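Colleague: Sharing query-v1.csv here; it has CSV, C-alpha atoms.
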```csv
chain,number,residue,atom,x,y,z
A,1,MET,CA,107.3,70.4,72.0
A,2,SER,CA,105.3,69.4,75.1
A,3,THR,CA,103.1,71.6,77.2
A,4,HIS,CA,103.2,71.7,81.0
A,5,GLN,CA,100.5,73.4,83.1
A,6,LEU,CA,102.0,74.8,86.2
A,7,LEU,CA,100.3,77.1,88.7
A,8,GLY,CA,97.7,78.2,86.1
A,9,GLN,CA,100.5,79.0,83.5
A,10,THR,CA,101.1,77.3,80.2
A,11,LEU,CA,104.8,76.4,79.7
A,12,HIS,CA,105.7,75.1,76.3
A,13,LEU,CA,108.8,72.9,76.7
A,14,LEU,CA,110.9,73.1,73.6
A,15,PRO,CA,113.2,70.4,72.2
A,16,GLU,CA,115.8,73.2,71.7
A,17,LYS,CA,115.9,73.2,75.5
A,18,GLY,CA,114.0,76.3,76.3
A,19,ILE,CA,110.6,77.3,77.6
A,20,PHE,CA,108.1,79.5,75.9
A,21,TRP,CA,105.7,81.0,78.6
A,22,GLU,CA,102.5,81.4,76.7
A,23,GLU,CA,100.6,83.8,79.0
A,24,LYS,CA,103.5,86.3,79.2
A,25,ASN,CA,104.9,85.6,75.7
A,26,TYR,CA,108.4,85.2,77.2
A,27,LEU,CA,111.2,82.9,76.0
A,28,ILE,CA,113.3,81.5,78.9
A,29,LEU,CA,116.7,79.8,78.5
A,30,ALA,CA,119.4,78.7,80.9
A,31,ASP,CA,123.1,78.1,80.7
A,32,LEU,CA,124.2,79.0,77.1
A,33,HIS,CA,127.9,79.1,78.3
A,34,LEU,CA,128.9,81.2,75.3
A,35,GLY,CA,132.7,81.8,75.1
A,36,LYS,CA,133.5,78.4,76.6
A,37,ALA,CA,135.3,77.4,73.4
A,38,GLY,CA,137.6,80.4,73.7
A,39,HIS,CA,138.2,79.5,77.3
A,40,PHE,CA,139.4,76.0,76.3
A,41,ARG,CA,141.6,77.4,73.6
A,42,LYS,CA,143.4,79.5,76.2
A,43,SER,CA,144.2,76.2,77.8
A,44,GLY,CA,145.6,74.8,74.6
A,45,ILE,CA,142.6,72.8,73.6
A,46,PRO,CA,141.5,73.6,70.0
A,47,ILE,CA,137.7,74.0,70.2
A,48,SER,CA,136.0,76.0,67.4
A,49,ASP,CA,133.6,78.9,68.1
A,50,LEU,CA,131.3,77.3,65.5
A,51,ILE,CA,129.7,75.3,68.4
A,52,HIS,CA,128.4,78.6,69.9
A,53,SER,CA,127.4,79.9,66.5
A,54,LYS,CA,125.0,76.9,66.3
A,55,ASP,CA,123.4,77.9,69.6
A,56,ILE,CA,122.9,81.5,68.4
A,57,LEU,CA,121.4,80.2,65.2
A,58,ILE,CA,118.9,78.1,67.1
A,59,LEU,CA,118.0,81.0,69.4
A,60,ASP,CA,117.5,83.2,66.3
A,61,LYS,CA,115.1,80.6,64.9
A,62,LEU,CA,113.2,80.4,68.2
A,63,ILE,CA,112.8,84.2,68.3
A,64,ALA,CA,111.6,84.2,64.7
A,65,LYS,CA,109.1,81.4,65.4
A,66,PHE,CA,107.6,82.6,68.7
A,67,LYS,CA,108.1,86.4,68.4
A,68,PRO,CA,108.5,86.7,72.2
A,69,GLN,CA,107.9,89.9,74.1
A,70,GLN,CA,111.2,89.4,75.8
A,71,VAL,CA,114.0,86.8,76.2
A,72,ILE,CA,115.2,85.8,79.7
A,73,PHE,CA,118.5,84.1,80.4
A,74,LEU,CA,118.7,82.2,83.7
A,75,GLY,CA,122.4,82.7,84.1
A,76,ASP,CA,125.7,81.4,82.7
A,77,LEU,CA,125.2,83.3,79.5
A,78,PHE,CA,128.9,83.7,79.1
A,79,HIS,CA,131.3,81.1,80.4
A,80,SER,CA,134.6,83.0,81.0
A,81,ASP,CA,136.5,86.2,81.0
A,82,HIS,CA,136.1,88.6,78.1
A,83,ASN,CA,137.1,87.1,74.7
A,84,GLN,CA,136.1,87.5,71.1
A,85,GLY,CA,133.0,85.4,71.7
A,86,TRP,CA,131.4,88.1,73.8
A,87,GLU,CA,132.0,90.7,71.1
A,88,VAL,CA,130.2,88.4,68.5
A,89,PHE,CA,127.3,87.9,70.9
A,90,LYS,CA,127.2,91.6,71.7
A,91,ARG,CA,126.8,92.5,68.0
A,92,TRP,CA,124.1,89.8,67.7
A,93,ILE,CA,122.0,91.0,70.6
A,94,LYS,CA,122.2,94.6,69.5
A,95,SER,CA,120.9,93.5,66.1
A,96,LYS,CA,117.8,92.1,67.8
A,97,GLY,CA,116.8,95.5,69.2
A,98,PRO,CA,114.3,96.7,70.3
A,99,LEU,CA,113.6,93.1,71.6
A,100,PRO,CA,114.5,93.3,75.3
A,101,PHE,CA,116.7,90.6,76.9
A,102,LYS,CA,117.1,90.0,80.7
A,103,LEU,CA,120.0,88.2,82.3
A,104,VAL,CA,119.7,86.7,85.8
A,105,LEU,CA,123.4,86.5,86.7
A,106,GLY,CA,125.0,83.1,87.1
A,107,ASN,CA,128.2,81.9,88.7
A,108,HIS,CA,130.0,82.0,85.4
A,109,ASP,CA,128.8,85.5,84.5
A,110,VAL,CA,132.0,87.2,85.6
A,111,LEU,CA,132.5,89.9,83.0
A,112,ASP,CA,133.0,93.5,84.3
A,113,GLU,CA,129.9,95.6,84.6
A,114,SER,CA,130.7,97.7,81.6
A,115,SER,CA,130.6,94.7,79.3
A,116,TYR,CA,126.9,94.3,80.0
A,117,ARG,CA,126.0,97.9,79.1
A,118,ILE,CA,124.0,97.0,76.0
A,119,SER,CA,120.8,99.0,75.3
A,120,ASN,CA,118.5,96.0,75.1
A,121,LEU,CA,120.1,93.9,77.9
A,122,LYS,CA,119.2,94.3,81.5
A,123,VAL,CA,121.1,92.4,84.2
A,124,MET,CA,119.9,91.4,87.7
A,125,GLU,CA,120.5,89.0,90.5
A,126,LYS,CA,116.9,87.6,90.6
A,127,LEU,CA,113.7,88.1,88.7
A,128,SER,CA,110.2,87.7,90.1
A,129,LEU,CA,107.4,87.2,87.7
A,130,HIS,CA,104.3,85.9,89.4
A,131,PRO,CA,103.9,83.0,90.1
A,132,PHE,CA,107.6,82.4,89.6
A,133,ASP,CA,110.9,83.5,91.1
A,134,LEU,CA,113.6,83.1,88.4
A,135,THR,CA,117.2,82.5,89.6
A,136,HIS,CA,120.3,80.8,88.3
A,137,ILE,CA,121.1,78.5,91.2
A,138,PRO,CA,118.0,76.7,92.6
A,139,GLU,CA,116.8,78.4,95.8
A,140,GLU,CA,114.0,78.3,98.3
A,141,THR,CA,112.0,81.3,97.3
A,142,GLU,CA,108.7,82.8,98.2
A,143,LEU,CA,107.2,81.9,94.8
A,144,TYR,CA,107.8,78.7,92.7
A,145,ASN,CA,111.5,78.7,91.7
A,146,LEU,CA,112.6,78.2,88.1
A,147,ALA,CA,116.3,77.9,87.7
A,148,GLY,CA,119.2,76.5,85.7
A,149,HIS,CA,122.8,75.8,86.8
A,150,ILE,CA,122.3,72.0,87.3
A,151,HIS,CA,122.1,71.0,83.6
A,152,PRO,CA,119.6,68.3,84.7
A,153,ALA,CA,119.5,64.9,83.0
A,154,VAL,CA,117.5,61.7,83.5
A,155,ARG,CA,118.7,58.1,82.8
A,156,LEU,CA,116.3,55.9,80.9
A,157,THR,CA,116.9,52.1,80.8
A,158,GLY,CA,115.6,49.5,78.4
A,159,LYS,CA,116.0,45.9,77.7
A,160,GLY,CA,119.4,44.2,77.7
A,161,ARG,CA,120.8,46.6,80.2
A,162,GLN,CA,120.6,49.5,77.7
A,163,SER,CA,120.6,52.9,79.2
A,164,LEU,CA,120.6,56.5,77.9
A,165,ARG,CA,121.2,59.8,79.7
A,166,LEU,CA,119.1,62.6,78.3
A,167,PRO,CA,118.8,66.3,79.2
A,168,CYS,CA,115.4,67.0,80.8
A,169,PHE,CA,113.0,69.6,82.2
A,170,TYR,CA,112.3,68.9,85.9
A,171,PHE,CA,109.4,70.2,88.0
A,172,GLY,CA,109.3,69.4,91.7
A,173,LYS,CA,107.0,70.6,94.4
A,174,LYS,CA,108.6,74.0,94.8
A,175,ASN,CA,111.4,74.1,92.2
A,176,GLY,CA,111.8,73.6,88.5
A,177,LEU,CA,115.0,73.1,86.5
A,178,LEU,CA,115.7,74.0,82.9
A,179,PRO,CA,118.2,72.0,80.8
A,180,ALA,CA,121.3,73.7,79.6
A,181,PHE,CA,120.6,75.5,76.3
A,182,GLY,CA,124.2,75.5,75.2
A,183,ASN,CA,125.4,72.5,73.2
A,184,PHE,CA,128.9,72.7,74.7
A,185,THR,CA,127.9,71.7,78.2
A,186,GLY,CA,127.7,68.5,80.3
A,187,THR,CA,124.7,67.1,82.2
A,188,ALA,CA,124.1,66.0,85.7
A,189,LYS,CA,121.8,63.1,86.6
A,190,ILE,CA,119.1,64.2,89.1
A,191,ASN,CA,117.2,62.2,91.7
A,192,ILE,CA,113.5,62.0,91.0
A,193,ASP,CA,110.6,61.5,93.4
A,194,LYS,CA,107.3,59.9,92.5
A,195,THR,CA,105.6,63.3,92.8
A,196,ASP,CA,108.0,65.0,90.4
A,197,THR,CA,107.2,65.7,86.8
A,198,VAL,CA,110.0,65.2,84.3
A,199,PHE,CA,110.3,65.6,80.6
A,200,ALA,CA,113.2,64.2,78.7
A,201,ILE,CA,114.5,65.5,75.4
A,202,ALA,CA,115.4,63.0,72.7
A,203,ASP,CA,115.3,62.9,68.9
A,204,ASN,CA,114.1,66.5,68.7
A,205,LYS,CA,111.1,65.6,70.9
A,206,VAL,CA,110.1,66.4,74.5
A,207,VAL,CA,108.5,63.4,76.2
A,208,ARG,CA,107.2,63.1,79.7
A,209,VAL,CA,108.9,60.2,81.6
A,210,ASN,CA,107.6,60.8,85.2
```
Using structure tokens, write down the structure from this file.
Modeller:
Amino acid sequence: MSTHQLLGQTLHLLPEKGIFWEEKNYLILADLHLGKAGHFRKSGIPISDLIHSKDILILDKLIAKFKPQQVIFLGDLFHSDHNQGWEVFKRWIKSKGPLPFKLVLGNHDVLDESSYRISNLKVMEKLSLHPFDLTHIPEETELYNLAGHIHPAVRLTGKGRQSLRLPCFYFGKKNGLLPAFGNFTGTAKINIDKTDTVFAIADNKVVRVN
């Protein structure tokens, strides 16, 4: 875990690819993409739901460790149309009550409105928590924007033309990006300016690289 001070706030950057916001006692995650395995199976590609069970187990451990006041998902919580994966997640999130969860809707969150009617889950388009505006897709917002969607990664190079692409936390002048929390996701290499702050995730550690 590394700590990043941003606008007077303490953000603990977790190797599990989430943020624990110390002052608010909030756990923030982006891009779980639950149900993606089921989506692939519909296309004839045999992917086990166990990959999502691992993500939920990790989230369970983070909740037990940090005891957050609430958990915030920055979009793409569920990858596809309704399938059994959503019912499994629904039972899990209900079991966490009365812990509140908030979902900032992402482009993959296409379930019908009734599916989100869970007592301890609140759904919204955007969430403003001073000094941050939380969205799924990065936007120009009044406050500093924290978002997901991109699945940011940075490429590190070593001797002998060795290179490695790693998921990362990115903090620019007006926008920050969280890595995808879900294990069954890809990454996208991002362009970095000298003034940006970037933390790569490798070997269960978070290390500043810029």
Colleague: Please provide the set of residues having any atom within 10 Å of Ser115 in chain A, restricted to all atoms listed in the file, with same-chain residues fewer than 5 positions apart removed, written as a PyMOL selection string.
Modeller: chain A and resi 82+86-87+90+110
Colleague: Which residues of range 113-147 of chain A come within 12 Å of range 18-35 of chain A, and what is each one's closest atom pair and distance in Å (one decimal), counting only C-alpha atoms, sorted by chain and residue number, as a tab-separated table?
Modeller:
```
residue	atom	partner	partner_atom	distance
A:Leu127	CA	A:Ile28	CA	11.8
A:Leu129	CA	A:Lys24	CA	9.4
A:His130	CA	A:Lys24	CA	10.2
A:Pro131	CA	A:Lys24	CA	11.4
A:Phe132	CA	A:Trp21	CA	11.3
A:Leu134	CA	A:Ile28	CA	9.6
A:Thr135	CA	A:Ala30	CA	9.7
A:His136	CA	A:Ala30	CA	7.7
A:Ile137	CA	A:Ala30	CA	10.4
A:Pro138	CA	A:Ala30	CA	12.0
A:Leu146	CA	A:Ile28	CA	9.8
A:Ala147	CA	A:Ala30	CA	7.5
```
Colleague: Identify the residues around (108.6, 67.5, 80.5) within a radius of 7 Å, measuring from all atoms listed in the file in the coordinates stated by the file, and give them as number ranges by chain.
Modeller: A: 2, 4, 13, 168-170, 197-200, 206-208
Colleague: What's the 8 Å shell around Met1 in chain A, counting all atoms listed in the file, without same-chain residues fewer than 2 positions away, as a JSON list (two decimals) with C-alpha atoms, keeping the file's coordinate frame?
Modeller:
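Contents of selection-v3.json, freshly written:
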```json
[["chain", "number", "residue", "atom", "x", "y", "z"],
["A", 3, "THR", "CA", 103.10, 71.60, 77.20],
["A", 12, "HIS", "CA", 105.70, 75.10, 76.30],
["A", 13, "LEU", "CA", 108.80, 72.90, 76.70],
["A", 14, "LEU", "CA", 110.90, 73.10, 73.60],
["A", 15, "PRO", "CA", 113.20, 70.40, 72.20],
["A", 205, "LYS", "CA", 111.10, 65.60, 70.90],
["A", 206, "VAL", "CA", 110.10, 66.40, 74.50]]
```
Colleague: Select, from A:Ile192, A:Leu62, A:Leu143, A:Ala202, the residue with the minimum atom-to-atom distance to Lys174 in chain A, counting only C-alpha atoms.
Modeller: A:Leu143
Colleague: Restricting the calculation to all atoms listed in the file: of A:Lys94, A:His108, A:Arg117, A:Lys17, which residue gets closest to Leu59 in chain A?
Modeller: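 Under the stated criterion, the closest residue is A:Lys17.
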Colleague: May I have the protein, DNA and RNA residues with an atom at most 9 Å from (117.7, 57.6, 84.1), counting only C-alpha atoms in the file's coordinates, returned as a PyMOL selection string?
Modeller: chain A and resi 153-157+163-166+189-191
Colleague: Could you check the closest approach to Asp109 in chain A for each of A:Phe171, A:Tyr144, A:Phe78, A:Phe73 and tell me which residue wins, using only C-alpha atoms?
Modeller: A:Phe78
Colleague: Calculated over all atoms listed in the file, which of the candidates A:Lys194, A:Lys102, A:Lys54, A:Arg91 has the smallest distance to Glu125 in chain A?
Modeller: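 Ranking A:Lys194, A:Lys102, A:Lys54, A:Arg91 by distance to Glu125 in chain A, first place goes to A:Lys102.
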Colleague: In Å, rounded to a single decimal, give me how far CA of Ile56 in chain A is from CA of Leu121 in chain A.
Modeller: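 Interatomic distance, CA of Leu121 in chain A to CA of Ile56 in chain A: 15.9 Å.
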Colleague: Restricting the calculation to all atoms listed in the file, which member of A:Ile118, A:Glu140, A:Phe66, A:His149 is positioned closest to Gly106 in chain A?
Modeller: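 That would be A:His149, the residue with the smallest distance to Gly106 in chain A.
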Colleague: To one decimal place, how far is CA of Val71 in chain A from CA of Pro100 in chain A in Å?
Modeller: 6.6 Å
Colleague: Of the candidates A:Ile201, A:Val104, A:Leu57, A:Leu99, which shows the shortest atom-to-atom distance to Ile72 in chain A, using all atoms listed in the file?
Modeller: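 Residue with the minimum atom-to-atom distance to Ile72 in chain A: A:Val104.
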Colleague: One number please: CA of Lys65 in chain A to CA of Glu16 in chain A, in Å, one decimal.
Modeller: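 So the answer is 12.3 Å.
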